[in-house]
>>> print(open('run12.tsv').read())   # TSV, C-alpha atoms
chain	number	residue	atom	x	y	z
A	262	VAL	CA	51.23	56.40	10.00
A	263	PHE	CA	54.78	57.15	8.87
A	264	VAL	CA	57.26	55.74	11.40
A	265	LEU	CA	61.04	56.15	11.41
A	266	GLY	CA	62.86	53.49	13.44
A	267	VAL	CA	66.22	54.52	14.88
A	268	ASP	CA	68.75	52.12	16.42
A	269	PRO	CA	71.15	54.55	18.08
A	270	GLY	CA	74.90	54.03	18.05
A	271	LEU	CA	77.97	56.15	17.58
A	272	THR	CA	79.73	53.92	15.05
A	273	ARG	CA	76.59	52.95	13.14
A	274	CYS	CA	73.16	54.43	13.82
A	275	GLY	CA	70.59	52.41	11.91
A	276	TYR	CA	67.44	53.98	10.50
A	277	GLY	CA	64.46	52.56	8.69
A	278	ALA	CA	61.21	54.20	7.66
A	279	VAL	CA	57.98	52.25	7.33
A	280	VAL	CA	54.75	53.76	6.10
A	281	GLY	CA	51.43	52.06	6.72
A	282	GLY	CA	48.57	52.48	4.29
A	283	PRO	CA	45.44	50.64	3.21
A	284	SER	CA	47.56	48.21	1.18
A	285	GLY	CA	49.84	47.33	4.07
A	286	LEU	CA	53.26	48.30	5.30
A	287	GLU	CA	56.07	49.50	3.08
A	288	ALA	CA	59.73	50.34	3.70
A	289	VAL	CA	60.49	53.76	2.24
A	290	ALA	CA	64.05	54.23	3.48
A	291	ALA	CA	66.70	52.26	5.34
A	292	GLY	CA	70.35	52.76	6.03
A	293	VAL	CA	72.89	53.84	8.60
A	294	VAL	CA	74.34	57.12	9.78
A	295	THR	CA	78.05	56.57	10.40
A	296	THR	CA	80.55	58.81	12.10
A	297	ASP	CA	84.30	59.20	11.67
A	298	ARG	CA	85.98	56.61	13.93
A	299	ALA	CA	89.12	58.74	14.02
A	300	ALA	CA	87.28	61.73	15.53
A	301	ASP	CA	86.76	62.22	19.27
A	302	ALA	CA	83.43	61.48	20.97
A	303	PRO	CA	82.05	65.06	21.02
A	304	ALA	CA	82.77	65.51	17.29
A	305	ARG	CA	81.17	62.15	16.52
A	306	LEU	CA	78.07	63.01	18.55
A	307	ALA	CA	77.79	66.31	16.65
A	308	GLU	CA	78.14	64.37	13.37
A	309	LEU	CA	75.40	61.96	14.48
A	310	GLN	CA	73.18	64.87	15.51
A	311	HIS	CA	73.68	66.47	12.09
A	312	GLY	CA	72.87	63.19	10.33
A	313	VAL	CA	69.74	62.47	12.36
A	314	ARG	CA	68.52	66.03	11.93
A	315	GLY	CA	68.98	65.71	8.16
A	316	LEU	CA	67.02	62.44	8.06
A	317	LEU	CA	64.16	63.92	10.06
A	318	ALA	CA	64.06	66.95	7.76
A	319	ASP	CA	64.16	64.80	4.59
A	320	LEU	CA	61.71	62.11	5.67
A	321	ALA	CA	59.42	64.10	8.01
A	322	PRO	CA	58.11	61.06	9.93
A	323	GLU	CA	55.13	61.41	12.28
A	324	VAL	CA	56.58	59.00	14.82
A	325	VAL	CA	60.16	58.09	15.69
A	326	ALA	CA	60.58	54.67	17.33
A	327	ILE	CA	63.91	54.47	19.16
A	328	GLU	CA	65.53	51.52	20.85
A	329	ARG	CA	65.34	51.84	24.62
A	330	THR	CA	68.90	51.28	25.75
A	331	PHE	CA	70.00	49.56	28.91
A	332	PHE	CA	73.28	49.22	30.65
A	333	GLN	CA	74.82	45.85	30.54
A	334	ALA	CA	78.04	44.21	29.49
A	335	ASN	CA	80.60	46.77	28.44
A	336	VAL	CA	80.43	50.04	30.39
A	337	ARG	CA	82.34	52.00	27.74
A	338	THR	CA	80.01	50.89	24.97
A	339	ALA	CA	77.00	51.54	27.21
A	340	MET	CA	78.10	55.13	27.74
A	341	ALA	CA	78.49	55.76	24.01
A	342	VAL	CA	75.11	54.16	23.28
A	343	GLY	CA	73.45	56.24	26.02
A	344	GLN	CA	74.95	59.44	24.65
A	345	ALA	CA	73.96	58.56	21.08
A	346	SER	CA	70.41	57.74	22.16
A	347	GLY	CA	70.20	61.08	23.99
A	348	VAL	CA	71.10	62.89	20.80
A	349	ALA	CA	68.55	60.93	18.75
A	350	LEU	CA	65.77	61.39	21.33
A	351	ALA	CA	66.40	65.14	21.57
A	352	GLU	CA	66.42	65.58	17.80
A	353	ALA	CA	63.23	63.58	17.34
A	354	ALA	CA	61.34	65.55	19.99
A	355	ALA	CA	62.76	68.86	18.74
A	356	ALA	CA	61.51	67.99	15.24
A	357	GLY	CA	57.98	67.71	16.67
A	358	CYS	CA	57.69	63.94	16.21
A	359	ASP	CA	55.95	61.61	18.62
A	360	VAL	CA	58.69	59.52	20.19
A	361	ALA	CA	58.21	55.89	21.27
A	362	GLN	CA	60.86	53.71	22.86
A	363	TYR	CA	60.95	49.93	22.70
A	364	THR	CA	63.34	47.45	24.26
A	365	PRO	CA	65.16	44.96	22.01
A	366	ASN	CA	62.95	42.18	23.45
A	367	GLU	CA	59.73	44.06	22.66
A	368	VAL	CA	60.91	44.54	19.09
A	369	LYS	CA	61.87	40.87	18.62
A	370	GLN	CA	58.59	39.77	20.18
A	371	ALA	CA	56.57	42.04	17.90
A	372	VAL	CA	58.39	41.06	14.70
A	373	THR	CA	59.09	37.35	15.20
A	374	GLY	CA	56.77	36.42	18.06
A	375	TRP	CA	59.79	35.47	20.16
A	376	GLY	CA	61.58	37.93	22.48
A	377	ALA	CA	64.91	36.15	22.23
A	378	ALA	CA	65.01	35.71	18.46
A	379	PRO	CA	68.46	35.92	16.84
A	380	LYS	CA	69.29	38.93	14.65
A	381	GLU	CA	69.25	36.76	11.54
A	382	GLN	CA	65.64	35.77	12.16
A	383	VAL	CA	64.62	39.39	12.84
A	384	ALA	CA	66.13	40.47	9.50
A	385	ARG	CA	64.34	37.63	7.68
A	386	MET	CA	60.97	38.57	9.25
A	387	VAL	CA	61.51	42.24	8.43
A	388	GLN	CA	62.16	41.29	4.80
A	389	SER	CA	59.05	39.11	4.72
A	390	LEU	CA	56.71	41.55	6.50
A	391	LEU	CA	57.77	44.41	4.24
A	392	GLY	CA	57.82	42.32	1.04
A	393	MET	CA	61.38	43.35	0.31
A	394	ALA	CA	63.21	41.70	-2.59
A	395	GLU	CA	66.47	41.62	-0.64
A	396	ARG	CA	67.39	41.04	2.99
A	397	PRO	CA	67.76	44.48	4.58
A	398	CYS	CA	71.38	45.28	5.42
A	399	PRO	CA	73.45	46.19	7.28
A	400	ALA	CA	72.06	44.65	10.47
A	401	ASP	CA	71.55	48.08	12.05
A	402	ALA	CA	69.21	49.11	9.23
A	403	ALA	CA	67.25	45.86	9.65
A	404	ASP	CA	67.01	46.52	13.40
A	405	ALA	CA	65.71	50.02	12.72
A	406	LEU	CA	63.07	48.71	10.31
A	407	ALA	CA	62.09	46.19	13.01
A	408	LEU	CA	61.64	49.08	15.47
A	409	ALA	CA	59.33	50.82	13.01
A	410	LEU	CA	57.39	47.57	12.49
A	411	CYS	CA	57.12	47.11	16.25
A	412	HIS	CA	55.54	50.54	16.54
A	413	HIS	CA	53.06	49.77	13.75
A	414	ALA	CA	52.10	46.50	15.47
A	415	ARG	CA	51.63	48.23	18.83
A	416	ALA	CA	49.59	51.02	17.23
A	417	ARG	CA	47.33	48.44	15.54
A	418	LEU	CA	46.90	46.66	18.85
A	419	ARG	CA	46.06	49.91	20.61
A	420	SER	CA	43.44	50.87	18.06
A	421	ALA	CA	41.95	47.36	18.21
A	422	VAL	CA	41.71	47.65	22.00
A	423	THR	CA	40.16	51.09	21.70
A	424	ALA	CA	37.63	49.81	19.12
A	425	ALA	CA	36.75	46.84	21.33
A	426	GLY	CA	36.18	49.15	24.26
A	427	ARG	CA	33.61	51.26	22.46
B	176	VAL	CA	90.71	81.46	27.58
B	177	PHE	CA	86.94	81.53	28.00
B	178	VAL	CA	85.73	78.22	29.41
B	179	LEU	CA	82.14	77.11	29.97
B	180	GLY	CA	81.77	74.30	32.49
B	181	VAL	CA	78.74	72.05	32.05
B	182	ASP	CA	77.53	69.50	34.60
B	183	PRO	CA	75.00	67.53	32.55
B	184	GLY	CA	71.71	66.37	33.99
B	185	LEU	CA	68.12	66.16	32.87
B	186	THR	CA	66.54	67.71	35.96
B	187	ARG	CA	69.23	70.34	36.49
B	188	CYS	CA	72.11	70.94	34.10
B	189	GLY	CA	74.61	73.24	35.79
B	190	TYR	CA	76.68	75.73	33.82
B	191	GLY	CA	79.39	78.15	34.83
B	192	ALA	CA	81.62	80.33	32.64
B	193	VAL	CA	85.10	81.36	33.77
B	194	VAL	CA	87.30	83.71	31.80
B	195	GLY	CA	91.03	83.90	32.44
B	196	GLY	CA	92.91	87.12	31.84
B	197	PRO	CA	96.06	88.86	33.04
B	198	SER	CA	94.32	89.80	36.28
B	199	GLY	CA	93.28	86.22	37.04
B	200	LEU	CA	90.14	84.16	36.75
B	201	GLU	CA	86.62	85.57	36.81
B	202	ALA	CA	83.16	84.01	36.79
B	203	VAL	CA	81.06	85.60	34.07
B	204	ALA	CA	77.96	83.42	34.25
B	205	ALA	CA	76.59	80.59	36.38
B	206	GLY	CA	73.25	78.90	36.68
B	207	VAL	CA	71.22	75.85	35.73
B	208	VAL	CA	69.18	74.77	32.75
B	209	THR	CA	66.12	72.97	34.06
B	210	THR	CA	63.55	70.91	32.20
B	211	ASP	CA	59.90	70.22	32.87
B	212	ARG	CA	59.71	67.24	35.22
B	213	ALA	CA	56.20	66.50	34.01
B	214	ALA	CA	57.35	66.04	30.40
B	215	ASP	CA	58.63	62.75	28.98
B	216	ALA	CA	62.34	62.06	28.45
B	217	PRO	CA	62.52	62.92	24.73
B	218	ALA	CA	60.79	66.29	25.31
B	219	ARG	CA	63.10	67.03	28.24
B	220	LEU	CA	66.19	66.17	26.20
B	221	ALA	CA	64.97	68.52	23.45
B	222	GLU	CA	64.42	71.23	26.09
B	223	LEU	CA	67.94	70.67	27.42
B	224	GLN	CA	69.34	70.79	23.89
B	225	HIS	CA	67.55	74.09	23.28
B	226	GLY	CA	68.85	75.53	26.55
B	227	VAL	CA	72.46	74.46	26.00
B	228	ARG	CA	72.39	75.73	22.43
B	229	GLY	CA	71.11	79.10	23.65
B	230	LEU	CA	73.87	79.34	26.28
B	231	LEU	CA	76.56	78.53	23.72
B	232	ALA	CA	75.15	81.15	21.35
B	233	ASP	CA	74.92	83.80	24.10
B	234	LEU	CA	78.26	83.15	25.77
B	235	ALA	CA	80.33	81.91	22.81
B	236	PRO	CA	82.95	80.08	24.93
B	237	GLU	CA	86.17	78.84	23.32
B	238	VAL	CA	86.21	75.66	25.40
B	239	VAL	CA	83.42	73.61	26.96
B	240	ALA	CA	84.49	71.48	29.95
B	241	ILE	CA	81.95	68.70	30.55
B	242	GLU	CA	81.78	66.21	33.38
B	243	ARG	CA	82.81	62.75	32.21
B	244	THR	CA	80.02	60.53	33.38
B	245	PHE	CA	80.30	56.98	34.59
B	246	PHE	CA	77.82	54.28	35.30
B	247	GLN	CA	77.42	53.44	38.89
B	248	ALA	CA	74.71	53.23	41.48
B	249	ASN	CA	71.30	53.81	39.95
B	250	VAL	CA	70.95	52.48	36.40
B	251	ARG	CA	67.91	54.68	35.62
B	252	THR	CA	69.70	57.84	36.70
B	253	ALA	CA	72.85	56.74	34.84
B	254	MET	CA	70.86	56.39	31.62
B	255	ALA	CA	69.39	59.89	31.95
B	256	VAL	CA	72.79	61.38	32.76
B	257	GLY	CA	74.39	59.60	29.79
B	258	GLN	CA	71.68	60.87	27.44
B	259	ALA	CA	71.96	64.42	28.81
B	260	SER	CA	75.73	64.37	28.45
B	261	GLY	CA	75.39	63.16	24.86
B	262	VAL	CA	73.19	66.15	24.06
B	263	ALA	CA	75.62	68.60	25.73
B	264	LEU	CA	78.69	67.07	24.02
B	265	ALA	CA	77.03	67.16	20.59
B	266	GLU	CA	75.92	70.78	21.02
B	267	ALA	CA	79.36	71.91	22.21
B	268	ALA	CA	81.16	70.26	19.29
B	269	ALA	CA	78.53	71.46	16.80
B	270	ALA	CA	79.08	75.03	18.09
B	271	GLY	CA	82.75	74.70	17.16
B	272	CYS	CA	84.05	74.70	20.74
B	273	ASP	CA	86.96	72.62	21.94
B	274	VAL	CA	85.49	70.02	24.27
B	275	ALA	CA	87.29	68.65	27.32
B	276	GLN	CA	85.91	66.03	29.71
B	277	TYR	CA	86.95	65.62	33.33
B	278	THR	CA	85.89	63.09	35.93
B	279	PRO	CA	84.42	64.32	39.23
B	280	ASN	CA	87.65	63.25	40.98
B	281	GLU	CA	89.82	65.23	38.57
B	282	VAL	CA	87.70	68.31	39.20
B	283	LYS	CA	87.81	67.96	42.99
B	284	GLN	CA	91.55	67.32	42.87
B	285	ALA	CA	92.16	70.41	40.72
B	286	VAL	CA	89.97	72.72	42.80
B	287	THR	CA	90.56	71.52	46.36
B	288	GLY	CA	93.73	69.40	46.04
B	289	TRP	CA	91.76	66.38	47.23
B	290	GLY	CA	89.96	64.01	44.85
B	291	ALA	CA	87.36	62.99	47.43
B	292	ALA	CA	86.46	66.46	48.70
B	293	PRO	CA	82.81	66.95	49.71
B	294	LYS	CA	80.58	69.18	47.56
B	295	GLU	CA	80.49	71.82	50.27
B	296	GLN	CA	84.27	72.21	50.16
B	297	VAL	CA	84.28	72.38	46.36
B	298	ALA	CA	81.73	75.21	46.44
B	299	ARG	CA	83.79	77.07	49.08
B	300	MET	CA	86.99	76.76	47.02
B	301	VAL	CA	85.18	77.88	43.85
B	302	GLN	CA	83.96	80.97	45.70
B	303	SER	CA	87.45	81.68	46.99
B	304	LEU	CA	89.32	81.05	43.72
B	305	LEU	CA	86.92	83.26	41.78
B	306	GLY	CA	86.68	85.98	44.44
B	307	MET	CA	82.92	85.73	44.53
B	308	ALA	CA	81.00	87.67	47.17
B	309	GLU	CA	78.52	84.84	47.65
B	310	ARG	CA	78.77	81.06	47.65
B	311	PRO	CA	77.77	79.91	44.14
B	312	CYS	CA	74.43	78.14	44.13
B	313	PRO	CA	72.71	75.88	43.37
B	314	ALA	CA	75.26	73.07	43.78
B	315	ASP	CA	75.06	72.21	40.08
B	316	ALA	CA	76.21	75.72	39.12
B	317	ALA	CA	79.11	75.48	41.61
B	318	ASP	CA	80.07	72.10	40.11
B	319	ALA	CA	80.03	73.62	36.63
B	320	LEU	CA	82.27	76.51	37.74
B	321	ALA	CA	84.59	73.92	39.27
B	322	LEU	CA	84.75	72.13	35.90
B	323	ALA	CA	85.73	75.40	34.20
B	324	LEU	CA	88.37	76.03	36.91
B	325	CYS	CA	89.70	72.51	36.44
B	326	HIS	CA	90.18	73.17	32.75
B	327	HIS	CA	91.99	76.44	33.46
B	328	ALA	CA	94.30	74.67	35.94
B	329	ARG	CA	95.04	71.88	33.46
B	330	ALA	CA	95.69	74.39	30.68
B	331	ARG	CA	98.12	76.32	32.92
B	332	LEU	CA	99.89	73.08	33.78
B	333	ARG	CA	100.12	72.10	30.11
B	334	SER	CA	101.61	75.46	29.12
B	335	ALA	CA	104.09	75.30	32.04
B	336	VAL	CA	105.18	71.83	30.89
B	337	THR	CA	105.51	73.06	27.31
B	338	ALA	CA	107.56	76.08	28.44
B	339	ALA	CA	109.82	73.85	30.57
B	340	GLY	CA	110.38	71.53	27.61
B	341	ARG	CA	111.70	74.31	25.37
>>> encode(input="run12.tsv", output="structure tokens")
Amino acid sequence: VFVLGVDPGLTRCGYGAVVGGPSGLEAVAAGVVTTDRAADAPARLAELQHGVRGLLADLAPEVVAIERTFFQANVRTAMAVGQASGVALAEAAAAGCDVAQYTPNEVKQAVTGWGAAPKEQVARMVQSLLGMAERPCPADAADALALALCHHARARLRSAVTAAGR
Amino acid sequence: VFVLGVDPGLTRCGYGAVVGGPSGLEAVAAGVVTTDRAADAPARLAELQHGVRGLLADLAPEVVAIERTFFQANVRTAMAVGQASGVALAEAAAAGCDVAQYTPNEVKQAVTGWGAAPKEQVARMVQSLLGMAERPCPADAADALALALCHHARARLRSAVTAAGR
């Protein structure tokens, strides 16, 4: 399965693509979509939409795994993250991809075995699990790769459960 | 100026277009974009995106006035509203429209003179200001027309201030 992880955000939207084959999991793309900080929110959301649409067209993933956002701490940031996630979710579904959403805790749990793992540890595990020569960076790209890995782990678990049930 | 008001929501996204000419303000379209309640959130956001894009293509407004959403009460609803507003904002900016955002209080204040006016009164004032034979319905369409009226009122105020400053 070819999974694109997306960590939505207006300033930096991380993405990371992980393909699973007989020889294991491999990172095929990772980076961030950024938007012009000087522009207003609608223009930045349009820029994000354009960037995400381009990624989906270039990479053509089967599944898009997106961080499930919650409202906490800063209400202004929460609004921007909610709007950015709406744009990413709409683009992914419009592109015909299966869309899965995972909470930050689910991702950390899947990748490190610990739901409260620090970002640093997540990045290190992503590097190790994907056999990458360098630590993935920036952090948003590492988080997106972790989302893709989380989906692969869940999918493996689901097929194991299905096989056991036969 | 041709203004499209949009009251974002996943279940019902209200829209209402108001054109201002020498003979005053006129409603040229009003209704709601609905999405399939049985579908999952990403599919519904894609449906909303498709609907809003179609409206913008059909109506070609110069300005899109969108409700500025806040996080209050129900966190689940707030998330859906934030995501829906992100989709509408991105589409409006991508279509090349000027985008203005107004809070519910600003809209009520502009239309009824009272920032805490009940929905019923807003709908009645919208009907009156636009010389409509019938009360606009559903409520989401009336709210969207009120957003467009709010923008017209603000624009008039701005040009009066500019004229006075000359």
>>> calpha_fit_and_write(input="run12.tsv", fixed="chain A", moving="chain B", output="tab-separated table (two decimals) with C-alpha atoms, keeping the file's coordinate frame")
chain	number	residue	atom	x	y	z
B	176	VAL	CA	51.24	56.41	10.00
B	177	PHE	CA	54.79	57.16	8.89
B	178	VAL	CA	57.26	55.74	11.40
B	179	LEU	CA	61.04	56.15	11.42
B	180	GLY	CA	62.87	53.49	13.42
B	181	VAL	CA	66.22	54.51	14.88
B	182	ASP	CA	68.75	52.12	16.42
B	183	PRO	CA	71.16	54.55	18.09
B	184	GLY	CA	74.90	54.02	18.04
B	185	LEU	CA	77.98	56.14	17.58
B	186	THR	CA	79.74	53.92	15.05
B	187	ARG	CA	76.60	52.97	13.13
B	188	CYS	CA	73.17	54.43	13.81
B	189	GLY	CA	70.60	52.40	11.90
B	190	TYR	CA	67.44	53.98	10.51
B	191	GLY	CA	64.47	52.54	8.68
B	192	ALA	CA	61.21	54.23	7.67
B	193	VAL	CA	57.98	52.25	7.33
B	194	VAL	CA	54.75	53.77	6.10
B	195	GLY	CA	51.43	52.07	6.71
B	196	GLY	CA	48.57	52.51	4.28
B	197	PRO	CA	45.45	50.66	3.17
B	198	SER	CA	47.57	48.27	1.14
B	199	GLY	CA	49.81	47.37	4.09
B	200	LEU	CA	53.25	48.31	5.30
B	201	GLU	CA	56.07	49.51	3.07
B	202	ALA	CA	59.72	50.36	3.68
B	203	VAL	CA	60.49	53.78	2.25
B	204	ALA	CA	64.04	54.25	3.48
B	205	ALA	CA	66.69	52.26	5.34
B	206	GLY	CA	70.35	52.76	6.03
B	207	VAL	CA	72.91	53.84	8.60
B	208	VAL	CA	74.36	57.12	9.76
B	209	THR	CA	78.05	56.56	10.40
B	210	THR	CA	80.57	58.81	12.10
B	211	ASP	CA	84.31	59.19	11.69
B	212	ARG	CA	85.97	56.62	13.93
B	213	ALA	CA	89.12	58.72	14.01
B	214	ALA	CA	87.30	61.71	15.53
B	215	ASP	CA	86.77	62.21	19.26
B	216	ALA	CA	83.43	61.49	20.96
B	217	PRO	CA	82.07	65.06	21.01
B	218	ALA	CA	82.79	65.50	17.27
B	219	ARG	CA	81.17	62.14	16.51
B	220	LEU	CA	78.08	63.01	18.55
B	221	ALA	CA	77.80	66.30	16.63
B	222	GLU	CA	78.15	64.35	13.36
B	223	LEU	CA	75.41	61.96	14.48
B	224	GLN	CA	73.20	64.88	15.49
B	225	HIS	CA	73.70	66.45	12.06
B	226	GLY	CA	72.88	63.17	10.32
B	227	VAL	CA	69.75	62.45	12.35
B	228	ARG	CA	68.54	66.01	11.92
B	229	GLY	CA	69.00	65.72	8.16
B	230	LEU	CA	67.04	62.44	8.05
B	231	LEU	CA	64.18	63.92	10.05
B	232	ALA	CA	64.08	66.95	7.74
B	233	ASP	CA	64.18	64.79	4.58
B	234	LEU	CA	61.72	62.12	5.67
B	235	ALA	CA	59.46	64.11	8.01
B	236	PRO	CA	58.13	61.06	9.93
B	237	GLU	CA	55.15	61.44	12.26
B	238	VAL	CA	56.60	59.02	14.81
B	239	VAL	CA	60.17	58.11	15.70
B	240	ALA	CA	60.59	54.67	17.32
B	241	ILE	CA	63.91	54.49	19.17
B	242	GLU	CA	65.54	51.53	20.86
B	243	ARG	CA	65.35	51.84	24.64
B	244	THR	CA	68.88	51.28	25.77
B	245	PHE	CA	70.00	49.56	28.92
B	246	PHE	CA	73.28	49.27	30.69
B	247	GLN	CA	74.80	45.89	30.59
B	248	ALA	CA	78.00	44.23	29.54
B	249	ASN	CA	80.58	46.79	28.47
B	250	VAL	CA	80.41	50.06	30.42
B	251	ARG	CA	82.35	52.02	27.75
B	252	THR	CA	80.01	50.90	24.98
B	253	ALA	CA	76.98	51.54	27.22
B	254	MET	CA	78.11	55.13	27.76
B	255	ALA	CA	78.49	55.75	24.01
B	256	VAL	CA	75.11	54.17	23.29
B	257	GLY	CA	73.44	56.24	26.02
B	258	GLN	CA	74.95	59.45	24.65
B	259	ALA	CA	73.96	58.56	21.08
B	260	SER	CA	70.42	57.75	22.15
B	261	GLY	CA	70.20	61.08	23.99
B	262	VAL	CA	71.12	62.91	20.80
B	263	ALA	CA	68.56	60.94	18.73
B	264	LEU	CA	65.77	61.41	21.32
B	265	ALA	CA	66.41	65.16	21.57
B	266	GLU	CA	66.44	65.59	17.79
B	267	ALA	CA	63.23	63.58	17.32
B	268	ALA	CA	61.35	65.56	19.97
B	269	ALA	CA	62.78	68.87	18.73
B	270	ALA	CA	61.51	67.99	15.22
B	271	GLY	CA	58.00	67.71	16.65
B	272	CYS	CA	57.71	63.94	16.20
B	273	ASP	CA	55.96	61.64	18.63
B	274	VAL	CA	58.69	59.52	20.20
B	275	ALA	CA	58.21	55.91	21.27
B	276	GLN	CA	60.87	53.72	22.87
B	277	TYR	CA	60.95	49.93	22.73
B	278	THR	CA	63.34	47.45	24.28
B	279	PRO	CA	65.15	44.95	22.02
B	280	ASN	CA	62.94	42.18	23.46
B	281	GLU	CA	59.74	44.07	22.67
B	282	VAL	CA	60.91	44.54	19.09
B	283	LYS	CA	61.87	40.88	18.62
B	284	GLN	CA	58.59	39.78	20.19
B	285	ALA	CA	56.56	42.05	17.90
B	286	VAL	CA	58.39	41.07	14.72
B	287	THR	CA	59.10	37.37	15.22
B	288	GLY	CA	56.75	36.42	18.08
B	289	TRP	CA	59.78	35.47	20.17
B	290	GLY	CA	61.56	37.93	22.48
B	291	ALA	CA	64.90	36.15	22.22
B	292	ALA	CA	64.99	35.70	18.44
B	293	PRO	CA	68.45	35.92	16.84
B	294	LYS	CA	69.29	38.93	14.65
B	295	GLU	CA	69.25	36.77	11.54
B	296	GLN	CA	65.63	35.78	12.15
B	297	VAL	CA	64.62	39.39	12.83
B	298	ALA	CA	66.12	40.47	9.50
B	299	ARG	CA	64.32	37.62	7.69
B	300	MET	CA	60.96	38.55	9.23
B	301	VAL	CA	61.49	42.24	8.42
B	302	GLN	CA	62.14	41.30	4.79
B	303	SER	CA	59.04	39.12	4.72
B	304	LEU	CA	56.69	41.55	6.50
B	305	LEU	CA	57.74	44.41	4.24
B	306	GLY	CA	57.80	42.35	1.03
B	307	MET	CA	61.36	43.37	0.30
B	308	ALA	CA	63.19	41.73	-2.59
B	309	GLU	CA	66.45	41.64	-0.65
B	310	ARG	CA	67.37	41.04	2.98
B	311	PRO	CA	67.76	44.49	4.58
B	312	CYS	CA	71.36	45.27	5.41
B	313	PRO	CA	73.44	46.19	7.27
B	314	ALA	CA	72.05	44.65	10.47
B	315	ASP	CA	71.57	48.08	12.04
B	316	ALA	CA	69.21	49.12	9.23
B	317	ALA	CA	67.24	45.86	9.64
B	318	ASP	CA	67.01	46.52	13.40
B	319	ALA	CA	65.71	50.02	12.72
B	320	LEU	CA	63.05	48.70	10.32
B	321	ALA	CA	62.09	46.19	13.01
B	322	LEU	CA	61.64	49.07	15.47
B	323	ALA	CA	59.32	50.83	13.01
B	324	LEU	CA	57.38	47.57	12.49
B	325	CYS	CA	57.11	47.12	16.24
B	326	HIS	CA	55.54	50.54	16.55
B	327	HIS	CA	53.06	49.78	13.77
B	328	ALA	CA	52.10	46.50	15.47
B	329	ARG	CA	51.64	48.23	18.83
B	330	ALA	CA	49.59	51.00	17.24
B	331	ARG	CA	47.33	48.42	15.54
B	332	LEU	CA	46.90	46.62	18.85
B	333	ARG	CA	46.07	49.88	20.64
B	334	SER	CA	43.43	50.83	18.06
B	335	ALA	CA	41.93	47.30	18.19
B	336	VAL	CA	41.69	47.57	21.99
B	337	THR	CA	40.12	51.02	21.70
B	338	ALA	CA	37.60	49.75	19.12
B	339	ALA	CA	36.73	46.75	21.32
B	340	GLY	CA	36.18	49.05	24.30
B	341	ARG	CA	33.56	51.15	22.50
>>> interface_residues(input="run12.tsv", of="chain A", to="chain B", cutoff="8 Å", atoms="only C-alpha atoms", output="PyMOL selection string")
chain A and resi 302-308+310+331-332+336+340+343-348+350-355+360
>>> axis_aligned_box(input="run12.tsv", around="range 262-271 of chain B", padding_each_side="8 Å", output="AutoDock Vina command-line options")
--center_x 78.0 --center_y 70.6 --center_z 21.3 --size_x 25.6 --size_y 24.9 --size_z 24.9
>>> residues_around(input="run12.tsv", residues="range 277-289 of chain A", least_positions_apart="5", cutoff="8 Å", atoms="only C-alpha atoms", output="VMD selection string")
chain A and resid 262 to 267 322 390 to 393 402 to 403 405 to 406 409 to 410 413
>>> atom_distance(input="run12.tsv", atom1="CA of Met386 in chain A", atom2="CA of Val324 in chain A")
21.6 Å
>>> atom_distance(input="run12.tsv", atom1="CA of Ala326 in chain A", atom2="CA of Cys411 in chain A")
8.4 Å
>>> residues_around(input="run12.tsv", residues="Asp268 in chain A", least_positions_apart="5", cutoff="6 Å", atoms="all atoms listed in the file", output="list in words")
Cys274, Gly275, Glu328 and Ala405 of chain A
>>> atom_distance(input="run12.tsv", atom1="CA of Ala321 in chain B", atom2="CA of Val336 in chain B")
22.3 Å
>>> closest_residue(input="run12.tsv", among="A:Val383, A:Ala424, A:Ala321, A:Val368", to="His412 in chain A", atoms="all atoms listed in the file")
A:Val368
>>> residues_around(input="run12.tsv", residues="Arg310 in chain B", least_positions_apart="2", cutoff="9 Å", atoms="all atoms listed in the file", output="PDB file with C-alpha atoms, in the frame of the given file")
ATOM      1  CA  ALA B 298      81.730  75.210  46.440  1.00  0.00           C
ATOM      2  CA  ARG B 299      83.790  77.070  49.080  1.00  0.00           C
ATOM      3  CA  VAL B 301      85.180  77.880  43.850  1.00  0.00           C
ATOM      4  CA  GLN B 302      83.960  80.970  45.700  1.00  0.00           C
ATOM      5  CA  SER B 303      87.450  81.680  46.990  1.00  0.00           C
ATOM      6  CA  MET B 307      82.920  85.730  44.530  1.00  0.00           C
ATOM      7  CA  ALA B 308      81.000  87.670  47.170  1.00  0.00           C
ATOM      8  CA  CYS B 312      74.430  78.140  44.130  1.00  0.00           C
ATOM      9  CA  ALA B 317      79.110  75.480  41.610  1.00  0.00           C
TER      10      ALA B 317
END
